[in-house]
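Here the structure is laid out as structure tokens; the discussion comes afterwards.
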Amino acid sequence: MQSKMSYEEYKERIIELFLERGNNEEDIWYLTENLKNFKGKYETRCEMFKNGNLNAFSYENLIGHVKSTEDNIRMDNTEYPMSYEQFKNRVIELFLETGDREDKIKFLNELLEEDPCYIKNSYRDTCSDYERKVIDPPEKVFEDYLLPVRDLEMLY
């Protein structure tokens with residue numbers, strides 16, 4: 001049976017698992033690039049533990065965080081039909097095409113202040129769809145009508 005970990009113990013354990021799996025020390029920042037998200041994952045584990053899941057901090061429950069981080073590193077180091085910068089610029093350009101441009105810019109600034117990795121995570125989702133060949137041909141996932149502009153519109 002596992003015991004509840006402090007936030008510092010959790011952070012140290014995640015980093016330890018990350019390095020044990022052969023990842024590079026210079027890539028540790030991927031684990032905490034969005035500190036709010038990282039803390040949220042810790043708080044979720046605490047809630048699970050509080051609700052009776054005494055294995056909330058077990059290897060099996062922590063390794064998923066490490067594996068998803070490894071996926072992010074791999075995606076960031078793989079060439080796709082559209083780079084992250086191209087993706088980000090195109091999504092923002094399409095989002096700003098309609099409606100009150102100034103209000104939408106304000107909304108984007110607030111969204112990215114609250115979740116700095118929002119567009120990066122959307123890019124990673126799109127890259128994942130490309131890799132899994134969700135659409136044939138897979139390059140289509142990068143076409144304008146499939147970019148996550150609707151997601152932004154719904155949040156707006």
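Note on naming: chains are A, B, ... as they come in the structure tokens, residues start from 1 per chain, ligands start from 1 in the order shown.
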
Do you know which residues are at most 12 Å from segment 8-14 of chain A counting only C-alpha atoms, after dropping those on the same chain fewer than 4 positions away, and could you put them as number ranges by chain?
-> A: 3-4, 18-21, 23, 28-32, 35, 38-46, 56-69

Write out as a VMD selection string each polymer residue whose atoms come within 12 Å of Val141 of chain A, counting only C-alpha atoms; drop sequence neighbours fewer than 5 positions from it.
-> chain A and resid 80 to 82 87 122 to 136 146 to 148

Distance query Glu85 of chain A at most 10 Å, only C-alpha atoms, self and fewer than 4 positions along chain excluded, as a PyMOL selection string | chain A and resi 89-91+120+123

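The interatomic distance for the pair atom CA of Leu54 of chain A and atom CA of Asn72 of chain A works out to 28.7 Å.
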
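Nearest-residue note for Glu143 of chain A: choosing from A:Leu94, A:Leu112, A:Ile105, A:Cys117, the minimum distance belongs to A:Leu94, counting only C-alpha atoms.
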
Determine which residues of chain A DSSP labels as helix (DSSP H, G or I) from the backbone of this structure, then write them out as a PyMOL selection string.
-> chain A and resi 7-20+25-27+29-32+35-50+59-76+84-96+101-114+118-131+138-142+144-146+149-155

Near-Glu110 of chain A list (12 Å; only C-alpha atoms; drop same-chain fewer than 6 positions) as number ranges by chain = A: 103-104, 116, 118, 155-156

Selected residues written out with all heavy atoms, as a PDB file, in the first residue's frame:
```
ATOM      1  N   ASP A 103     -11.465  41.917 -29.231  1.00  0.00           N
ATOM      2  CA  ASP A 103     -12.008  41.111 -28.137  1.00  0.00           C
ATOM      3  C   ASP A 103     -11.430  39.689 -28.167  1.00  0.00           C
ATOM      4  O   ASP A 103     -11.118  39.108 -27.124  1.00  0.00           O
ATOM      5  CB  ASP A 103     -13.542  41.072 -28.211  1.00  0.00           C
ATOM      6  CG  ASP A 103     -14.159  40.554 -26.930  1.00  0.00           C
ATOM      7  OD1 ASP A 103     -13.752  41.020 -25.843  1.00  0.00           O
ATOM      8  OD2 ASP A 103     -15.027  39.667 -27.013  1.00  0.00           O
ATOM      9  N   LYS A 104     -11.268  39.151 -29.368  1.00  0.00           N
ATOM     10  CA  LYS A 104     -10.697  37.809 -29.507  1.00  0.00           C
ATOM     11  C   LYS A 104      -9.219  37.787 -29.111  1.00  0.00           C
ATOM     12  O   LYS A 104      -8.754  36.818 -28.508  1.00  0.00           O
ATOM     13  CB  LYS A 104     -10.889  37.279 -30.927  1.00  0.00           C
ATOM     14  CG  LYS A 104     -12.306  36.806 -31.195  1.00  0.00           C
ATOM     15  CD  LYS A 104     -12.409  36.138 -32.549  1.00  0.00           C
ATOM     16  CE  LYS A 104     -13.698  35.361 -32.680  1.00  0.00           C
ATOM     17  NZ  LYS A 104     -13.756  34.600 -33.927  1.00  0.00           N
ATOM     18  N   PRO A 116      -0.761  28.253 -20.630  1.00  0.00           N
ATOM     19  CA  PRO A 116       0.245  28.595 -21.641  1.00  0.00           C
ATOM     20  C   PRO A 116       0.474  27.503 -22.689  1.00  0.00           C
ATOM     21  O   PRO A 116       1.001  27.783 -23.762  1.00  0.00           O
ATOM     22  CB  PRO A 116       1.517  28.819 -20.829  1.00  0.00           C
ATOM     23  CG  PRO A 116       1.147  28.819 -19.406  1.00  0.00           C
ATOM     24  CD  PRO A 116      -0.218  28.252 -19.281  1.00  0.00           C
ATOM     25  N   TYR A 118      -1.956  25.649 -24.093  1.00  0.00           N
ATOM     26  CA  TYR A 118      -3.217  25.294 -24.763  1.00  0.00           C
ATOM     27  C   TYR A 118      -3.009  24.967 -26.243  1.00  0.00           C
ATOM     28  O   TYR A 118      -3.415  23.902 -26.712  1.00  0.00           O
ATOM     29  CB  TYR A 118      -4.263  26.412 -24.602  1.00  0.00           C
ATOM     30  CG  TYR A 118      -5.558  26.044 -25.266  1.00  0.00           C
ATOM     31  CD1 TYR A 118      -6.489  25.261 -24.615  1.00  0.00           C
ATOM     32  CD2 TYR A 118      -5.826  26.438 -26.576  1.00  0.00           C
ATOM     33  CE1 TYR A 118      -7.669  24.877 -25.230  1.00  0.00           C
ATOM     34  CE2 TYR A 118      -6.992  26.054 -27.205  1.00  0.00           C
ATOM     35  CZ  TYR A 118      -7.910  25.277 -26.529  1.00  0.00           C
ATOM     36  OH  TYR A 118      -9.071  24.881 -27.161  1.00  0.00           O
ATOM     37  N   LEU A 155     -14.862  28.025 -26.652  1.00  0.00           N
ATOM     38  CA  LEU A 155     -14.378  28.593 -25.398  1.00  0.00           C
ATOM     39  C   LEU A 155     -14.628  30.109 -25.327  1.00  0.00           C
ATOM     40  O   LEU A 155     -14.831  30.662 -24.256  1.00  0.00           O
ATOM     41  CB  LEU A 155     -12.880  28.327 -25.232  1.00  0.00           C
ATOM     42  CG  LEU A 155     -12.483  26.893 -24.974  1.00  0.00           C
ATOM     43  CD1 LEU A 155     -10.952  26.755 -25.038  1.00  0.00           C
ATOM     44  CD2 LEU A 155     -12.997  26.423 -23.633  1.00  0.00           C
ATOM     45  N   TYR A 156     -14.602  30.749 -26.492  1.00  0.00           N
ATOM     46  CA  TYR A 156     -14.782  32.189 -26.588  1.00  0.00           C
ATOM     47  C   TYR A 156     -16.228  32.539 -26.233  1.00  0.00           C
ATOM     48  O   TYR A 156     -16.573  33.321 -25.477  1.00  0.00           O
ATOM     49  CB  TYR A 156     -14.426  32.657 -28.002  1.00  0.00           C
ATOM     50  CG  TYR A 156     -14.670  34.120 -28.272  1.00  0.00           C
ATOM     51  CD1 TYR A 156     -13.913  35.089 -27.636  1.00  0.00           C
ATOM     52  CD2 TYR A 156     -15.643  34.524 -29.154  1.00  0.00           C
ATOM     53  CE1 TYR A 156     -14.122  36.418 -27.905  1.00  0.00           C
ATOM     54  CE2 TYR A 156     -15.852  35.866 -29.421  1.00  0.00           C
ATOM     55  CZ  TYR A 156     -15.104  36.806 -28.793  1.00  0.00           C
ATOM     56  OH  TYR A 156     -15.305  38.136 -29.044  1.00  0.00           O
TER      57      TYR A 156
END
```
